[in-house]
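Right, one structure below, let's go through it.
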Amino acid sequence: MLKGRKDGRVSKASETVNLPAPTLNVNQLIQSFAKRGLGVKDMVTLSGGHTLGFSHCSSFQARVHNFSLLHDIDPSLNTQFALDLKRKCPKQNTNPSAGHFLDTTSSVFDNDYYRQLLVGKGLFSSDQSLVGDQRTRWIVEAFAKDQGLFFREFVASMLKLGNVGVSENGEVRLNCKVVNWRRERSMNLASIFFASSFLPPLVFGEQLSNDVLLLCVWIREKC
């Protein structure tokens, strides 16, 4: 992100509905990114963020169970990979923690995501669809071959994404991970924290827990 960008002080989980769903096809992905001023190359590049992380079964389970009238498993999936997903995510899955990593080096930021797509091992149908469309396949192939190129393009696309929807009413954060701590708020919570030592535990827990939790977060960031 560019230094000096203004961020909001409130984050709402409900706003994540604007994120592209893992079931979108290439046309839908292109439209979704275009609404934010991002092109096809930006879309494929930013999809490379899936080189990190883990997904629960709910995001891809439909690809390995009753996929269509003709196929139980999505035919675009690598067969062995699909069977592995099916084993980890059975039809009657009772494990809410079950899932799969997004690529084979899920804790390393690299171009493995693109290499996996080329062998049918894209976890989401939206990911695998990038290989099946000529508008996007050439970009996948280029990034799979040249990690340095992917890194350079990712920086450029992330800078563009970082400027989407920026509000002038926000603040420039001193620490990118947390909102700025306001002096009056800090002094108020410090007083509450001190006073809480004289209160019964039940009262403290019911009435002051949110403020004290915020104070603890602040202390952790400062120490």
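Identifiers for the structure tokens are assigned positionally: chains receive A, B, ... in sequence, residues are indexed from 1 per chain, and ligands are indexed from 1 in the order shown.
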- Within 12 Å of Asn95 in chain A, counting only C-alpha atoms, which residues show up once you throw out same-chain ones fewer than 6 positions away? Write them as a PyMOL selection string, please. chain A and resi 56-58+88-89
Would you mind exporting N, CA and C atoms of the selected residues as a PDB file, in the first residue's frame?
```pdb
ATOM      1  N   HIS A  56     -12.133 -23.835   4.028  1.00  0.00           N
ATOM      2  CA  HIS A  56     -13.007 -24.880   4.555  1.00  0.00           C
ATOM      3  C   HIS A  56     -13.787 -25.526   3.409  1.00  0.00           C
ATOM      4  N   CYS A  57     -14.291 -26.705   3.675  1.00  0.00           N
ATOM      5  CA  CYS A  57     -14.955 -27.514   2.649  1.00  0.00           C
ATOM      6  C   CYS A  57     -16.104 -26.793   1.952  1.00  0.00           C
ATOM      7  N   SER A  58     -16.804 -25.949   2.661  1.00  0.00           N
ATOM      8  CA  SER A  58     -18.000 -25.310   2.105  1.00  0.00           C
ATOM      9  C   SER A  58     -17.736 -24.527   0.830  1.00  0.00           C
ATOM     10  N   LYS A  88     -11.226 -35.696   2.357  1.00  0.00           N
ATOM     11  CA  LYS A  88     -11.156 -34.704   3.433  1.00  0.00           C
ATOM     12  C   LYS A  88     -12.515 -34.062   3.695  1.00  0.00           C
ATOM     13  N   CYS A  89     -13.340 -33.998   2.662  1.00  0.00           N
ATOM     14  CA  CYS A  89     -14.645 -33.351   2.778  1.00  0.00           C
ATOM     15  C   CYS A  89     -15.742 -34.314   2.311  1.00  0.00           C
TER      16      CYS A  89
END
```
- Message: Give me, as a ChimeraX atom specification, the residues of range 6-138 of chain A that a backbone DSSP run labels strand (DSSP E or B).
- Response: /A:7,54-56,99-101
Counting only C-alpha atoms, what are the residues of range 99-126 of chain A within 7 Å of range 13-37 of chain A, and for each of them which pair of atoms is the nearest and at what distance in Å, to one decimal? Sort the table by chain and rising number, as a Markdown table.
```
| residue | atom | partner | partner_atom | distance |
| --- | --- | --- | --- | --- |
| A:Phe124 | CA | A:Pro22 | CA | 5.4 |
| A:Ser125 | CA | A:Thr23 | CA | 5.4 |
| A:Ser126 | CA | A:Leu24 | CA | 5.0 |
```
- Message: Could you tell me how far CA of Ala142 in chain A sits from CA of Gln61 in chain A, in Å to one decimal place?
- Response: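 Interatomic distance, CA of Gln61 in chain A to CA of Ala142 in chain A: 29.1 Å.
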- Message: Residues near Leu117 in chain A, anyone? I mean within 9 Å using only C-alpha atoms, not counting same-chain ones fewer than 3 positions away, as a PyMOL selection string.
- Response: chain A and resi 112-114+120-123+127-131+140+144
- Query: Which of range 45-179 of chain A counts as helix (DSSP H, G or I) under DSSP, as a PyMOL selection string please?
  - Reply: chain A and resi 45-51+57-59+61-63+79-88+112-117+125-128+134-145+147-162
For the selection just defined, write its residues with C-alpha atoms to a file, as a PDB file, in the first residue's frame.
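Contents of the output file selection.pdb:
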```pdb
ATOM      1  CA  THR A  45      -2.620 -11.281 -10.667  1.00  0.00           C
ATOM      2  CA  LEU A  46      -4.600 -10.613  -7.488  1.00  0.00           C
ATOM      3  CA  SER A  47      -6.036 -14.119  -7.629  1.00  0.00           C
ATOM      4  CA  GLY A  48      -2.448 -15.153  -6.946  1.00  0.00           C
ATOM      5  CA  GLY A  49      -3.067 -14.091  -3.361  1.00  0.00           C
ATOM      6  CA  HIS A  50      -4.520 -17.579  -3.063  1.00  0.00           C
ATOM      7  CA  THR A  51      -0.960 -18.802  -2.841  1.00  0.00           C
ATOM      8  CA  CYS A  57     -14.955 -27.514   2.649  1.00  0.00           C
ATOM      9  CA  SER A  58     -18.000 -25.310   2.105  1.00  0.00           C
ATOM     10  CA  SER A  59     -16.175 -23.259  -0.535  1.00  0.00           C
ATOM     11  CA  GLN A  61     -17.305 -29.231  -1.686  1.00  0.00           C
ATOM     12  CA  ALA A  62     -19.823 -28.952  -4.525  1.00  0.00           C
ATOM     13  CA  ARG A  63     -16.992 -29.686  -6.975  1.00  0.00           C
ATOM     14  CA  THR A  79      -8.477 -36.863 -10.599  1.00  0.00           C
ATOM     15  CA  GLN A  80      -6.168 -37.709  -7.690  1.00  0.00           C
ATOM     16  CA  PHE A  81      -6.547 -34.217  -6.268  1.00  0.00           C
ATOM     17  CA  ALA A  82     -10.342 -34.528  -6.457  1.00  0.00           C
ATOM     18  CA  LEU A  83     -10.283 -37.861  -4.613  1.00  0.00           C
ATOM     19  CA  ASP A  84      -8.132 -36.308  -1.892  1.00  0.00           C
ATOM     20  CA  LEU A  85     -10.631 -33.444  -1.514  1.00  0.00           C
ATOM     21  CA  LYS A  86     -13.483 -35.921  -1.421  1.00  0.00           C
ATOM     22  CA  ARG A  87     -11.785 -37.846   1.380  1.00  0.00           C
ATOM     23  CA  LYS A  88     -11.156 -34.704   3.433  1.00  0.00           C
ATOM     24  CA  ASP A 112       2.965 -22.244  -6.931  1.00  0.00           C
ATOM     25  CA  TYR A 113      -0.718 -21.265  -7.157  1.00  0.00           C
ATOM     26  CA  TYR A 114      -0.375 -20.797 -10.943  1.00  0.00           C
ATOM     27  CA  ARG A 115       1.605 -24.000 -11.407  1.00  0.00           C
ATOM     28  CA  GLN A 116      -1.137 -25.915  -9.597  1.00  0.00           C
ATOM     29  CA  LEU A 117      -3.813 -24.432 -11.865  1.00  0.00           C
ATOM     30  CA  SER A 125     -13.816 -23.287  -9.466  1.00  0.00           C
ATOM     31  CA  SER A 126     -13.142 -19.556  -9.897  1.00  0.00           C
ATOM     32  CA  ASP A 127      -9.412 -20.291  -9.759  1.00  0.00           C
ATOM     33  CA  GLN A 128      -9.497 -23.237 -12.150  1.00  0.00           C
ATOM     34  CA  GLN A 134      -7.894 -17.745 -23.470  1.00  0.00           C
ATOM     35  CA  ARG A 135      -8.231 -14.246 -22.042  1.00  0.00           C
ATOM     36  CA  THR A 136      -6.654 -15.388 -18.796  1.00  0.00           C
ATOM     37  CA  ARG A 137      -4.747 -18.610 -19.505  1.00  0.00           C
ATOM     38  CA  TRP A 138      -1.741 -16.867 -21.044  1.00  0.00           C
ATOM     39  CA  ILE A 139      -1.304 -14.805 -17.884  1.00  0.00           C
ATOM     40  CA  VAL A 140      -1.477 -17.934 -15.711  1.00  0.00           C
ATOM     41  CA  GLU A 141       1.150 -19.590 -17.904  1.00  0.00           C
ATOM     42  CA  ALA A 142       3.416 -16.539 -17.775  1.00  0.00           C
ATOM     43  CA  PHE A 143       3.275 -16.340 -13.970  1.00  0.00           C
ATOM     44  CA  ALA A 144       3.742 -20.107 -13.590  1.00  0.00           C
ATOM     45  CA  LYS A 145       6.926 -19.814 -15.639  1.00  0.00           C
ATOM     46  CA  GLN A 147       7.910 -15.940 -10.457  1.00  0.00           C
ATOM     47  CA  GLY A 148       9.698 -12.599 -10.677  1.00  0.00           C
ATOM     48  CA  LEU A 149       7.156 -11.397 -13.235  1.00  0.00           C
ATOM     49  CA  PHE A 150       4.320 -12.401 -10.905  1.00  0.00           C
ATOM     50  CA  PHE A 151       5.909 -10.520  -8.012  1.00  0.00           C
ATOM     51  CA  ARG A 152       6.292  -7.339 -10.076  1.00  0.00           C
ATOM     52  CA  GLU A 153       2.754  -7.473 -11.412  1.00  0.00           C
ATOM     53  CA  PHE A 154       1.356  -8.241  -7.962  1.00  0.00           C
ATOM     54  CA  VAL A 155       2.938  -5.098  -6.539  1.00  0.00           C
ATOM     55  CA  ALA A 156       1.448  -2.980  -9.325  1.00  0.00           C
ATOM     56  CA  SER A 157      -2.043  -4.499  -8.993  1.00  0.00           C
ATOM     57  CA  MET A 158      -2.020  -4.275  -5.198  1.00  0.00           C
ATOM     58  CA  LEU A 159      -1.228  -0.561  -5.410  1.00  0.00           C
ATOM     59  CA  LYS A 160      -4.228  -0.119  -7.704  1.00  0.00           C
ATOM     60  CA  LEU A 161      -6.447  -2.194  -5.410  1.00  0.00           C
ATOM     61  CA  GLY A 162      -5.262  -0.205  -2.407  1.00  0.00           C
TER      62      GLY A 162
END
```
